[in-house]
$ cat target_28.txt   # compact mmCIF, C-alpha atoms
# COMPACT_ATOMS: atom_id res chain seq x y z
CA MET A 85 73.96 16.87 -41.04
CA ASP A 86 77.62 16.94 -40.11
CA PRO A 87 80.18 16.50 -42.89
CA ASN A 88 82.12 13.24 -43.06
CA PRO A 89 85.74 14.38 -42.85
CA GLU A 90 86.98 10.81 -42.58
CA LEU A 91 85.59 9.97 -46.03
CA PRO A 92 87.30 11.05 -49.27
CA ASP A 93 85.73 14.07 -50.95
CA LEU A 94 85.62 12.27 -54.32
CA ALA A 95 82.54 10.05 -54.65
CA VAL A 96 82.42 7.40 -57.39
CA THR A 97 79.33 5.46 -58.48
CA GLY A 98 79.22 2.31 -60.60
CA SER A 99 82.38 0.73 -59.18
CA THR A 100 80.79 -2.74 -59.31
CA GLY A 101 80.08 -2.32 -63.03
CA GLY A 102 82.13 -2.10 -66.21
CA LEU A 103 82.89 1.58 -66.73
CA GLY A 104 82.72 2.66 -63.09
CA GLY A 105 84.90 -0.28 -62.09
CA MET A 106 87.56 0.73 -64.59
CA VAL A 107 87.50 4.31 -63.32
CA ALA A 108 87.69 3.26 -59.67
CA ARG A 109 90.65 0.95 -60.34
CA GLN A 110 92.49 3.61 -62.30
CA LEU A 111 91.91 6.19 -59.57
CA ALA A 112 93.27 3.73 -57.01
CA ALA A 113 96.31 3.02 -59.17
CA ALA A 114 96.91 6.78 -59.38
CA GLY A 115 96.77 7.06 -55.59
CA SER A 116 93.51 9.01 -55.48
CA ALA A 117 91.29 8.55 -52.43
CA GLN A 118 87.64 7.84 -53.22
CA ARG A 119 84.38 6.86 -51.59
CA LEU A 120 82.60 4.14 -53.54
CA LEU A 121 78.81 4.48 -53.57
CA VAL A 122 77.40 0.97 -53.88
CA ARG A 123 74.16 -0.92 -53.35
CA ASP A 124 75.89 -3.94 -51.83
CA PRO A 125 79.12 -3.38 -49.86
CA ALA A 126 80.06 -7.03 -50.33
CA ARG A 127 80.44 -6.35 -54.06
CA ALA A 128 82.56 -3.22 -53.68
CA PRO A 129 86.04 -3.64 -55.14
CA GLU A 130 88.82 -3.81 -52.57
CA LEU A 131 91.00 -0.85 -53.50
CA GLU A 132 93.58 1.20 -51.67
CA HIS A 133 92.42 4.57 -50.36
CA ALA A 134 88.76 3.61 -51.01
CA ALA A 135 85.82 3.47 -48.62
CA ALA A 136 82.48 1.89 -49.53
CA VAL A 137 79.24 3.70 -48.65
CA VAL A 138 75.79 2.18 -49.23
CA CYS A 139 73.07 4.01 -51.14
CA THR A 140 70.90 3.84 -54.25
CA TYR A 141 69.93 6.53 -56.73
CA SER A 142 66.27 6.23 -55.76
CA ASP A 143 66.74 6.54 -51.98
CA SER A 144 67.08 10.27 -51.44
CA GLU A 145 67.96 10.19 -47.74
CA ALA A 146 70.55 7.43 -48.07
CA ALA A 147 72.10 9.21 -51.04
CA ARG A 148 72.32 12.50 -49.13
CA GLN A 149 74.03 10.77 -46.23
CA ALA A 150 76.41 8.90 -48.53
CA LEU A 151 77.34 12.12 -50.33
CA ASP A 152 77.67 14.30 -47.25
CA GLY A 153 81.06 15.99 -47.37
CA ALA A 154 81.78 14.96 -50.96
CA LYS A 155 82.90 17.73 -53.29
CA VAL A 156 83.17 15.91 -56.62
CA LEU A 157 80.81 13.15 -57.80
CA PHE A 158 81.42 10.77 -60.69
CA MET A 159 77.90 9.76 -61.68
CA VAL A 160 77.57 6.79 -63.98
CA SER A 161 74.12 6.72 -65.58
CA ALA A 162 71.81 4.19 -63.94
CA ALA A 163 70.92 0.87 -65.53
CA GLU A 164 68.31 1.10 -68.27
CA ALA A 165 64.87 1.13 -66.69
CA GLU A 166 61.52 2.73 -67.30
CA ASP A 167 61.97 4.95 -64.24
CA ARG A 168 65.67 5.73 -64.77
CA LEU A 169 65.03 9.45 -65.23
CA ASP A 170 63.24 9.61 -61.88
CA GLU A 171 66.23 7.87 -60.28
CA HIS A 172 68.62 10.37 -61.84
CA PHE A 173 66.60 13.36 -60.70
CA THR A 174 66.33 12.01 -57.15
CA PHE A 175 70.06 11.37 -56.98
CA VAL A 176 71.04 14.76 -58.42
CA ASP A 177 68.73 16.49 -55.96
CA ALA A 178 70.32 14.49 -53.14
CA ALA A 179 73.78 15.53 -54.35
CA ALA A 180 72.74 19.17 -54.35
CA GLY A 181 71.27 18.79 -50.87
CA ALA A 182 74.48 17.19 -49.62
CA GLY A 183 76.55 20.11 -50.90
CA VAL A 184 78.30 18.36 -53.79
CA GLU A 185 80.09 21.02 -55.81
CA HIS A 186 80.82 19.26 -59.13
CA VAL A 187 79.16 16.34 -60.97
CA VAL A 188 80.95 14.44 -63.74
CA TYR A 189 78.15 12.61 -65.56
CA THR A 190 78.39 9.86 -68.18
CA SER A 191 75.99 11.00 -70.88
CA ILE A 192 75.51 10.02 -74.50
CA TYR A 193 76.68 11.46 -77.80
CA ARG A 194 74.50 14.20 -79.28
CA CYS A 195 71.70 13.72 -76.78
CA ALA A 196 68.73 16.00 -77.33
CA PRO A 197 65.06 16.19 -76.31
CA ASP A 198 64.10 14.74 -79.69
CA SER A 199 66.92 12.19 -80.12
CA THR A 200 66.02 9.20 -82.24
CA PHE A 201 67.52 6.89 -79.62
CA THR A 202 64.83 7.04 -76.98
CA LEU A 203 67.13 6.70 -73.99
CA ALA A 204 69.29 9.59 -75.19
CA ARG A 205 66.36 11.84 -74.30
CA ASP A 206 66.78 10.74 -70.67
CA HIS A 207 70.44 11.73 -70.79
CA TYR A 208 69.55 15.17 -72.14
CA ALA A 209 66.96 15.65 -69.41
CA THR A 210 69.49 14.56 -66.79
CA GLU A 211 72.05 17.04 -68.08
CA GLU A 212 69.48 19.80 -67.91
CA HIS A 213 68.51 18.80 -64.36
CA ILE A 214 72.15 18.88 -63.27
CA LYS A 215 72.54 22.35 -64.76
CA ALA A 216 69.37 23.56 -63.04
CA SER A 217 70.58 22.18 -59.68
CA GLY A 218 73.34 24.78 -59.55
CA ILE A 219 76.06 22.14 -59.24
CA GLU A 220 79.09 22.59 -61.49
CA PHE A 221 79.19 19.91 -64.16
CA THR A 222 81.28 18.05 -66.71
CA PHE A 223 79.48 15.85 -69.24
CA LEU A 224 81.17 12.90 -70.94
CA ARG A 225 79.01 12.20 -73.97
CA ASN A 226 79.90 8.71 -75.12
CA ASN A 227 79.31 7.25 -78.56
CA LEU A 228 78.26 3.61 -78.96
CA TYR A 229 80.55 1.33 -76.96
CA LEU A 230 82.80 -0.80 -79.14
CA ASP A 231 82.50 -3.32 -76.33
CA PHE A 232 78.85 -3.89 -77.29
CA LEU A 233 79.45 -4.82 -80.93
CA PRO A 234 80.28 -8.50 -80.31
CA LEU A 235 77.15 -8.68 -78.12
CA MET A 236 75.01 -7.26 -80.94
CA THR A 237 75.98 -10.26 -83.07
CA GLY A 238 73.46 -13.09 -83.00
CA GLY A 239 74.28 -16.73 -82.46
CA ASP A 240 74.26 -17.17 -86.22
CA GLY A 241 76.94 -14.49 -86.66
CA VAL A 242 74.56 -11.84 -87.98
CA ILE A 243 74.05 -8.30 -86.70
CA ARG A 244 70.43 -7.38 -87.38
CA GLY A 245 68.95 -3.93 -87.11
CA PRO A 246 67.44 -1.01 -89.05
CA ALA A 247 70.66 1.02 -89.25
CA GLY A 248 70.83 1.06 -93.06
CA GLU A 249 74.30 2.20 -94.08
CA GLY A 250 74.44 4.92 -91.44
CA THR A 251 77.66 5.26 -89.49
CA PHE A 252 78.67 5.54 -85.86
CA SER A 253 81.96 6.49 -84.22
CA GLY A 254 82.23 3.78 -81.60
CA VAL A 255 84.50 4.27 -78.60
CA ALA A 256 86.03 1.69 -76.30
CA ARG A 257 84.87 1.77 -72.69
CA GLU A 258 88.57 1.69 -71.80
CA ASP A 259 89.05 5.07 -73.50
CA ILE A 260 86.01 6.55 -71.74
CA ALA A 261 87.47 5.44 -68.41
CA ARG A 262 90.79 7.09 -69.21
CA CYS A 263 88.96 10.32 -70.05
CA ALA A 264 87.02 10.16 -66.79
CA LEU A 265 90.26 9.63 -64.90
CA ALA A 266 91.80 12.72 -66.53
CA VAL A 267 88.80 14.82 -65.52
CA LEU A 268 88.61 13.48 -61.96
CA ARG A 269 92.32 13.96 -61.34
CA ASP A 270 91.98 17.71 -62.00
CA PRO A 271 88.25 18.45 -62.05
CA ALA A 272 88.42 22.22 -61.61
CA ILE A 273 89.73 22.86 -65.12
CA HIS A 274 86.89 20.84 -66.65
CA LYS A 275 83.97 22.65 -65.02
CA GLY A 276 81.24 23.56 -67.48
CA ARG A 277 82.74 21.44 -70.24
CA THR A 278 81.03 18.84 -72.42
CA TYR A 279 83.27 16.26 -74.10
CA ASN A 280 82.21 14.16 -77.09
CA LEU A 281 83.98 10.83 -76.81
CA THR A 282 84.32 8.91 -80.07
CA GLY A 283 86.69 6.43 -81.59
CA PRO A 284 89.02 7.34 -84.47
CA GLU A 285 86.77 6.12 -87.29
CA GLU A 286 83.22 6.17 -88.60
CA LEU A 287 81.85 2.67 -89.12
CA SER A 288 78.75 1.31 -90.76
CA LEU A 289 77.50 -1.96 -89.31
CA SER A 290 78.44 -3.71 -92.54
CA ARG A 291 82.01 -2.44 -92.16
CA ALA A 292 82.01 -3.31 -88.46
CA ALA A 293 80.98 -6.87 -89.40
CA GLU A 294 83.99 -7.09 -91.72
CA VAL A 295 86.34 -5.92 -88.97
CA LEU A 296 84.78 -8.35 -86.48
CA THR A 297 85.26 -11.18 -88.96
CA ALA A 298 88.93 -10.29 -89.48
CA GLY A 299 89.60 -9.72 -85.78
CA THR A 300 87.76 -12.62 -84.18
CA GLY A 301 87.97 -15.42 -86.73
CA ARG A 302 84.21 -15.70 -86.58
CA THR A 303 82.25 -14.97 -89.75
CA VAL A 304 80.06 -11.96 -88.98
CA GLY A 305 77.56 -10.37 -91.34
CA TYR A 306 75.05 -7.54 -91.21
CA HIS A 307 71.39 -7.71 -92.18
CA PRO A 308 69.72 -4.29 -92.46
CA GLU A 309 66.23 -4.93 -91.12
CA THR A 310 63.26 -2.67 -91.67
CA VAL A 311 61.85 -1.10 -88.52
CA GLU A 312 58.90 -3.50 -88.69
CA GLU A 313 61.23 -6.49 -88.99
CA ALA A 314 63.27 -5.22 -86.04
CA TYR A 315 60.27 -5.09 -83.74
CA SER A 316 59.08 -8.48 -84.96
CA SER A 317 62.45 -10.19 -84.50
CA ARG A 318 62.69 -8.91 -80.92
CA ALA A 319 59.09 -9.61 -79.90
CA SER A 320 59.93 -13.09 -78.64
CA TYR A 321 61.99 -11.65 -75.76
CA GLY A 322 58.82 -10.46 -74.05
CA ALA A 323 60.38 -7.11 -73.21
CA PRO A 324 58.22 -4.10 -72.29
CA GLN A 325 57.49 -1.55 -74.99
CA TRP A 326 59.96 1.04 -73.69
CA GLN A 327 62.75 -1.54 -73.89
CA LEU A 328 61.80 -2.60 -77.41
CA ASP A 329 61.75 1.04 -78.46
CA ALA A 330 65.21 1.53 -76.98
CA TRP A 331 66.64 -1.54 -78.71
CA VAL A 332 65.26 -0.63 -82.11
CA SER A 333 66.08 3.07 -81.87
CA THR A 334 69.72 2.24 -81.18
CA TYR A 335 69.84 1.26 -84.86
CA THR A 336 67.54 3.94 -86.25
CA ALA A 337 69.70 6.57 -84.56
CA ILE A 338 72.64 5.25 -86.59
CA ALA A 339 70.52 5.36 -89.74
CA ALA A 340 69.59 8.98 -88.94
CA GLY A 341 73.26 9.96 -88.69
CA GLU A 342 73.04 10.89 -85.01
CA LEU A 343 76.07 8.80 -84.01
CA ALA A 344 78.28 9.89 -86.92
CA GLY A 345 81.13 12.38 -86.77
CA LEU A 346 84.53 12.35 -85.09
CA SER A 347 85.76 14.20 -82.03
CA PHE A 348 89.32 14.73 -80.83
CA ASP A 349 88.30 14.95 -77.18
CA VAL A 350 89.70 11.54 -76.18
CA HIS A 351 93.14 12.62 -77.38
CA GLY A 352 92.69 16.06 -75.87
CA LEU A 353 91.93 14.63 -72.44
CA THR A 354 94.37 11.72 -72.38
CA GLY A 355 97.13 12.60 -74.84
CA GLU A 356 96.53 9.30 -76.62
CA ASP A 357 94.50 8.36 -79.68
CA PRO A 358 91.35 6.31 -79.04
CA LEU A 359 91.27 2.65 -79.99
CA SER A 360 89.90 1.60 -83.36
CA LEU A 361 87.62 -1.43 -83.52
CA ALA A 362 90.45 -3.56 -84.91
CA GLU A 363 92.74 -2.45 -82.07
CA PHE A 364 90.04 -2.98 -79.47
CA LEU A 365 89.60 -6.60 -80.57
CA THR A 366 93.26 -7.30 -79.74
CA ARG A 367 92.96 -5.91 -76.19
CA PRO A 368 92.58 -8.20 -73.19
CA GLN A 369 89.13 -7.92 -71.65
CA LEU A 370 89.34 -5.69 -68.58

$ encode --input "target_28.txt" --output "structure tokens"
Amino acid sequence: MDPNPELPDLAVTGSTGGLGGMVARQLAAAGSAQRLLVRDPARAPELEHAAAVVCTYSDSEAARQALDGAKVLFMVSAAEAEDRLDEHFTFVDAAAGAGVEHVVYTSIYRCAPDSTFTLARDHYATEEHIKASGIEFTFLRNNLYLDFLPLMTGGDGVIRGPAGEGTFSGVAREDIARCALAVLRDPAIHKGRTYNLTGPEELSLSRAAEVLTAGTGRTVGYHPETVEEAYSSRASYGAPQWQLDAWVSTYTAIAAGELAGLSFDVHGLTGEDPLSLAEFLTRPQL
């Protein structure tokens, strides 16, 4: 397979989504050339110095062709699915086969093979697969997105889940994107590094509800469900078991303390403090 010299050697996935889209736009604003790996070229953002290439994580041959000649790959984790780990492994193997030298992967905070949050185990396994591939790596381990908190609030203004009074250190997707930009602008100095991306504060869901109330004008409360109540209250959605387990374990991971603790890596990478929840609520939606 001949290299693609006409394509930029920085490949970016997820540009049609939230985080990847932010990163792609910031790279374009910084004047960085990039190839955007997308499922549907019609949805690719129109950016300067960007070329869209079609592939999916699960199509090994298409991914190898799309990545041919790329040196650095920004890999946004695939959408939640029962076979997501298989997709990740296929895509990483394709990247290795295409000669990619460095993968920057969006992982999750404190992922481990026995993480309480079930999907964090997939992130750990993906990290290990990237390491085993021989490709240089940088892992961005993100805490719970602050962006998700309003979405976790029910129509009645109540956040329900078995998180007890455990705390998390939520981080704005905007800050994660700025960290990714810093790494991708000078990837060589970040090889082999793992960054824990948190906000500036530890929040319980009861405290988060108070901040949401003050910042949105909507009365928000928190009801600490039992695990049994959590499964029961979500049963009506008709979701498969793996999805129910993921939803519920988002909260039990908080209760277990696995999303607590603060990191200074956002400041270290960007030179700016991360947004607090109160500050995030004043930001325009990007």

$ residues_around --input "target_28.txt" --residues "A:Arg168" --least-positions-apart "2" --cutoff "10 Å" --atoms "only C-alpha atoms" --output "list in words"
Tyr141, Ser142, Ser161, Ala162, Ala163, Glu164, Ala165, Glu166, Asp170, Glu171, His172, Phe173, Thr174, Leu203, Asp206, His207 and Thr210 of chain A

$ closest_atom_pairs --input "target_28.txt" --of "stretch 167-257 of chain A" --to "stretch 280-285 of chain A" --cutoff "12 Å" --atoms "all atoms listed in the file" --output "JSON lines"
{"residue": "A:Thr190", "atom": "CA", "partner": "A:Leu281", "partner_atom": "CA", "distance": 10.3}
{"residue": "A:Ser191", "atom": "CA", "partner": "A:Asn280", "partner_atom": "CA", "distance": 9.3}
{"residue": "A:Ile192", "atom": "CA", "partner": "A:Asn280", "partner_atom": "CA", "distance": 8.3}
{"residue": "A:Tyr193", "atom": "CA", "partner": "A:Asn280", "partner_atom": "CA", "distance": 6.2}
{"residue": "A:Arg194", "atom": "CA", "partner": "A:Asn280", "partner_atom": "CA", "distance": 8.0}
{"residue": "A:Cys195", "atom": "CA", "partner": "A:Asn280", "partner_atom": "CA", "distance": 10.5}
{"residue": "A:Thr222", "atom": "CA", "partner": "A:Asn280", "partner_atom": "CA", "distance": 11.1}
{"residue": "A:Phe223", "atom": "CA", "partner": "A:Asn280", "partner_atom": "CA", "distance": 8.5}
{"residue": "A:Leu224", "atom": "CA", "partner": "A:Asn280", "partner_atom": "CA", "distance": 6.4}
{"residue": "A:Arg225", "atom": "CA", "partner": "A:Asn280", "partner_atom": "CA", "distance": 4.9}
{"residue": "A:Asn226", "atom": "CA", "partner": "A:Leu281", "partner_atom": "CA", "distance": 4.9}
{"residue": "A:Asn227", "atom": "CA", "partner": "A:Thr282", "partner_atom": "CA", "distance": 5.5}
{"residue": "A:Leu228", "atom": "CA", "partner": "A:Thr282", "partner_atom": "CA", "distance": 8.1}
{"residue": "A:Tyr229", "atom": "CA", "partner": "A:Thr282", "partner_atom": "CA", "distance": 9.0}
{"residue": "A:Leu230", "atom": "CA", "partner": "A:Gly283", "partner_atom": "CA", "distance": 8.6}
{"residue": "A:Asp231", "atom": "CA", "partner": "A:Gly283", "partner_atom": "CA", "distance": 11.8}
{"residue": "A:Thr251", "atom": "CA", "partner": "A:Glu285", "partner_atom": "CA", "distance": 9.4}
{"residue": "A:Phe252", "atom": "CA", "partner": "A:Glu285", "partner_atom": "CA", "distance": 8.2}
{"residue": "A:Ser253", "atom": "CA", "partner": "A:Thr282", "partner_atom": "CA", "distance": 5.4}
{"residue": "A:Gly254", "atom": "CA", "partner": "A:Gly283", "partner_atom": "CA", "distance": 5.2}
{"residue": "A:Val255", "atom": "CA", "partner": "A:Gly283", "partner_atom": "CA", "distance": 4.3}
{"residue": "A:Ala256", "atom": "CA", "partner": "A:Gly283", "partner_atom": "CA", "distance": 7.1}
{"residue": "A:Arg257", "atom": "CA", "partner": "A:Leu281", "partner_atom": "CA", "distance": 10.0}

$ axis_aligned_box --input "target_28.txt" --around "stretch 287-293 of chain A" --padding-each-side "5 Å" --output "AutoDock Vina command-line options"
--center_x 79.8 --center_y -2.1 --center_z -90.5 --size_x 14.5 --size_y 19.5 --size_z 14.1

$ residues_around --input "target_28.txt" --residues "A:Glu90" --least-positions-apart "6" --cutoff "12 Å" --atoms "all atoms listed in the file" --output "number ranges by chain"
A: 117-119, 133-135, 152-154

$ write_last_selection --input "target_28.txt" --atoms "C-alpha atoms" --output "tab-separated table (two decimals), in the coordinates of the input"
chain	number	residue	atom	x	y	z
A	117	ALA	CA	91.29	8.55	-52.43
A	118	GLN	CA	87.64	7.84	-53.22
A	119	ARG	CA	84.38	6.86	-51.59
A	133	HIS	CA	92.42	4.57	-50.36
A	134	ALA	CA	88.76	3.61	-51.01
A	135	ALA	CA	85.82	3.47	-48.62
A	152	ASP	CA	77.67	14.30	-47.25
A	153	GLY	CA	81.06	15.99	-47.37
A	154	ALA	CA	81.78	14.96	-50.96

$ atom_distance --input "target_28.txt" --atom1 "atom CA of A:Val304" --atom2 "atom CA of A:Val350"
28.4 Å

$ closest_residue --input "target_28.txt" --among "A:Asp167, A:Asp349, A:Asp177, A:Glu132" --to "A:Ala264" --atoms "only C-alpha atoms"
A:Asp349

$ closest_residue --input "target_28.txt" --among "A:Thr366, A:Thr278, A:Thr100, A:Thr237" --to "A:Leu120" --atoms "only C-alpha atoms"
A:Thr100

$ atom_distance --input "target_28.txt" --atom1 "atom CA of A:Gly181" --atom2 "atom CA of A:Asp124"
23.2 Å

$ closest_residue --input "target_28.txt" --among "A:Ala196, A:Val96, A:Ala147, A:Ala298" --to "A:Tyr208" --atoms "all atoms listed in the file"
A:Ala196

$ atom_distance --input "target_28.txt" --atom1 "atom CA of A:Thr310" --atom2 "atom CA of A:Gly241"
18.8 Å

$ closest_residue --input "target_28.txt" --among "A:Tyr306, A:Trp326, A:Tyr279, A:Phe175" --to "A:Val242" --atoms "only C-alpha atoms"
A:Tyr306

$ decode --input "target_28.txt" --residues "stretch 119-139 of chain A" --atoms "N, CA, C and O atoms" --output "PDB file, in the first residue's frame"
ATOM      1  N   ARG A 119      -6.536  15.052   8.646  1.00  0.00           N
ATOM      2  CA  ARG A 119      -7.471  14.223   7.878  1.00  0.00           C
ATOM      3  C   ARG A 119      -8.562  13.779   8.838  1.00  0.00           C
ATOM      4  O   ARG A 119      -8.282  13.294   9.946  1.00  0.00           O
ATOM      5  N   LEU A 120      -9.793  13.971   8.450  1.00  0.00           N
ATOM      6  CA  LEU A 120     -10.929  13.666   9.305  1.00  0.00           C
ATOM      7  C   LEU A 120     -11.481  12.307   8.908  1.00  0.00           C
ATOM      8  O   LEU A 120     -11.969  12.126   7.788  1.00  0.00           O
ATOM      9  N   LEU A 121     -11.414  11.342   9.812  1.00  0.00           N
ATOM     10  CA  LEU A 121     -11.937  10.003   9.556  1.00  0.00           C
ATOM     11  C   LEU A 121     -13.408   9.979   9.953  1.00  0.00           C
ATOM     12  O   LEU A 121     -13.746  10.174  11.127  1.00  0.00           O
ATOM     13  N   VAL A 122     -14.278   9.780   8.975  1.00  0.00           N
ATOM     14  CA  VAL A 122     -15.719   9.889   9.210  1.00  0.00           C
ATOM     15  C   VAL A 122     -16.452   8.726   8.552  1.00  0.00           C
ATOM     16  O   VAL A 122     -15.983   8.125   7.584  1.00  0.00           O
ATOM     17  N   ARG A 123     -17.622   8.424   9.074  1.00  0.00           N
ATOM     18  CA  ARG A 123     -18.492   7.418   8.444  1.00  0.00           C
ATOM     19  C   ARG A 123     -19.177   7.998   7.210  1.00  0.00           C
ATOM     20  O   ARG A 123     -19.345   7.321   6.203  1.00  0.00           O
ATOM     21  N   ASP A 124     -19.626   9.239   7.336  1.00  0.00           N
ATOM     22  CA  ASP A 124     -20.401   9.881   6.277  1.00  0.00           C
ATOM     23  C   ASP A 124     -19.720  11.191   5.891  1.00  0.00           C
ATOM     24  O   ASP A 124     -19.726  12.148   6.669  1.00  0.00           O
ATOM     25  N   PRO A 125     -19.134  11.278   4.702  1.00  0.00           N
ATOM     26  CA  PRO A 125     -18.421  12.506   4.327  1.00  0.00           C
ATOM     27  C   PRO A 125     -19.327  13.721   4.264  1.00  0.00           C
ATOM     28  O   PRO A 125     -18.860  14.856   4.424  1.00  0.00           O
ATOM     29  N   ALA A 126     -20.616  13.512   4.066  1.00  0.00           N
ATOM     30  CA  ALA A 126     -21.538  14.647   4.011  1.00  0.00           C
ATOM     31  C   ALA A 126     -21.666  15.337   5.362  1.00  0.00           C
ATOM     32  O   ALA A 126     -22.054  16.506   5.433  1.00  0.00           O
ATOM     33  N   ARG A 127     -21.338  14.605   6.443  1.00  0.00           N
ATOM     34  CA  ARG A 127     -21.442  15.183   7.785  1.00  0.00           C
ATOM     35  C   ARG A 127     -20.125  15.759   8.280  1.00  0.00           C
ATOM     36  O   ARG A 127     -20.069  16.367   9.353  1.00  0.00           O
ATOM     37  N   ALA A 128     -19.057  15.587   7.519  1.00  0.00           N
ATOM     38  CA  ALA A 128     -17.754  16.086   7.957  1.00  0.00           C
ATOM     39  C   ALA A 128     -17.773  17.608   8.020  1.00  0.00           C
ATOM     40  O   ALA A 128     -18.297  18.267   7.115  1.00  0.00           O
ATOM     41  N   PRO A 129     -17.225  18.188   9.078  1.00  0.00           N
ATOM     42  CA  PRO A 129     -17.194  19.649   9.157  1.00  0.00           C
ATOM     43  C   PRO A 129     -16.306  20.229   8.064  1.00  0.00           C
ATOM     44  O   PRO A 129     -15.282  19.646   7.703  1.00  0.00           O
ATOM     45  N   GLU A 130     -16.717  21.365   7.526  1.00  0.00           N
ATOM     46  CA  GLU A 130     -15.933  22.034   6.492  1.00  0.00           C
ATOM     47  C   GLU A 130     -14.916  22.947   7.173  1.00  0.00           C
ATOM     48  O   GLU A 130     -15.257  24.015   7.668  1.00  0.00           O
ATOM     49  N   LEU A 131     -13.679  22.481   7.207  1.00  0.00           N
ATOM     50  CA  LEU A 131     -12.613  23.189   7.915  1.00  0.00           C
ATOM     51  C   LEU A 131     -11.434  23.406   6.983  1.00  0.00           C
ATOM     52  O   LEU A 131     -11.181  22.597   6.072  1.00  0.00           O
ATOM     53  N   GLU A 132     -10.714  24.480   7.215  1.00  0.00           N
ATOM     54  CA  GLU A 132      -9.511  24.732   6.437  1.00  0.00           C
ATOM     55  C   GLU A 132      -8.456  23.677   6.751  1.00  0.00           C
ATOM     56  O   GLU A 132      -8.336  23.216   7.890  1.00  0.00           O
ATOM     57  N   HIS A 133      -7.688  23.330   5.747  1.00  0.00           N
ATOM     58  CA  HIS A 133      -6.576  22.383   5.885  1.00  0.00           C
ATOM     59  C   HIS A 133      -7.055  21.007   6.364  1.00  0.00           C
ATOM     60  O   HIS A 133      -6.311  20.295   7.032  1.00  0.00           O
ATOM     61  N   ALA A 134      -8.298  20.641   6.040  1.00  0.00           N
ATOM     62  CA  ALA A 134      -8.839  19.346   6.475  1.00  0.00           C
ATOM     63  C   ALA A 134      -9.353  18.570   5.272  1.00  0.00           C
ATOM     64  O   ALA A 134      -9.946  19.143   4.356  1.00  0.00           O
ATOM     65  N   ALA A 135      -9.087  17.268   5.277  1.00  0.00           N
ATOM     66  CA  ALA A 135      -9.570  16.381   4.224  1.00  0.00           C
ATOM     67  C   ALA A 135     -10.322  15.225   4.867  1.00  0.00           C
ATOM     68  O   ALA A 135      -9.832  14.607   5.819  1.00  0.00           O
ATOM     69  N   ALA A 136     -11.527  14.942   4.376  1.00  0.00           N
ATOM     70  CA  ALA A 136     -12.345  13.869   4.937  1.00  0.00           C
ATOM     71  C   ALA A 136     -12.018  12.545   4.253  1.00  0.00           C
ATOM     72  O   ALA A 136     -11.863  12.490   3.029  1.00  0.00           O
ATOM     73  N   VAL A 137     -11.898  11.489   5.058  1.00  0.00           N
ATOM     74  CA  VAL A 137     -11.642  10.142   4.567  1.00  0.00           C
ATOM     75  C   VAL A 137     -12.655   9.225   5.238  1.00  0.00           C
ATOM     76  O   VAL A 137     -12.880   9.306   6.453  1.00  0.00           O
ATOM     77  N   VAL A 138     -13.250   8.321   4.460  1.00  0.00           N
ATOM     78  CA  VAL A 138     -14.340   7.475   4.976  1.00  0.00           C
ATOM     79  C   VAL A 138     -13.787   6.161   5.532  1.00  0.00           C
ATOM     80  O   VAL A 138     -13.004   5.470   4.871  1.00  0.00           O
ATOM     81  N   CYS A 139     -14.208   5.836   6.748  1.00  0.00           N
ATOM     82  CA  CYS A 139     -13.931   4.518   7.328  1.00  0.00           C
ATOM     83  C   CYS A 139     -14.759   4.363   8.597  1.00  0.00           C
ATOM     84  O   CYS A 139     -15.374   5.316   9.071  1.00  0.00           O
TER      85      CYS A 139
END
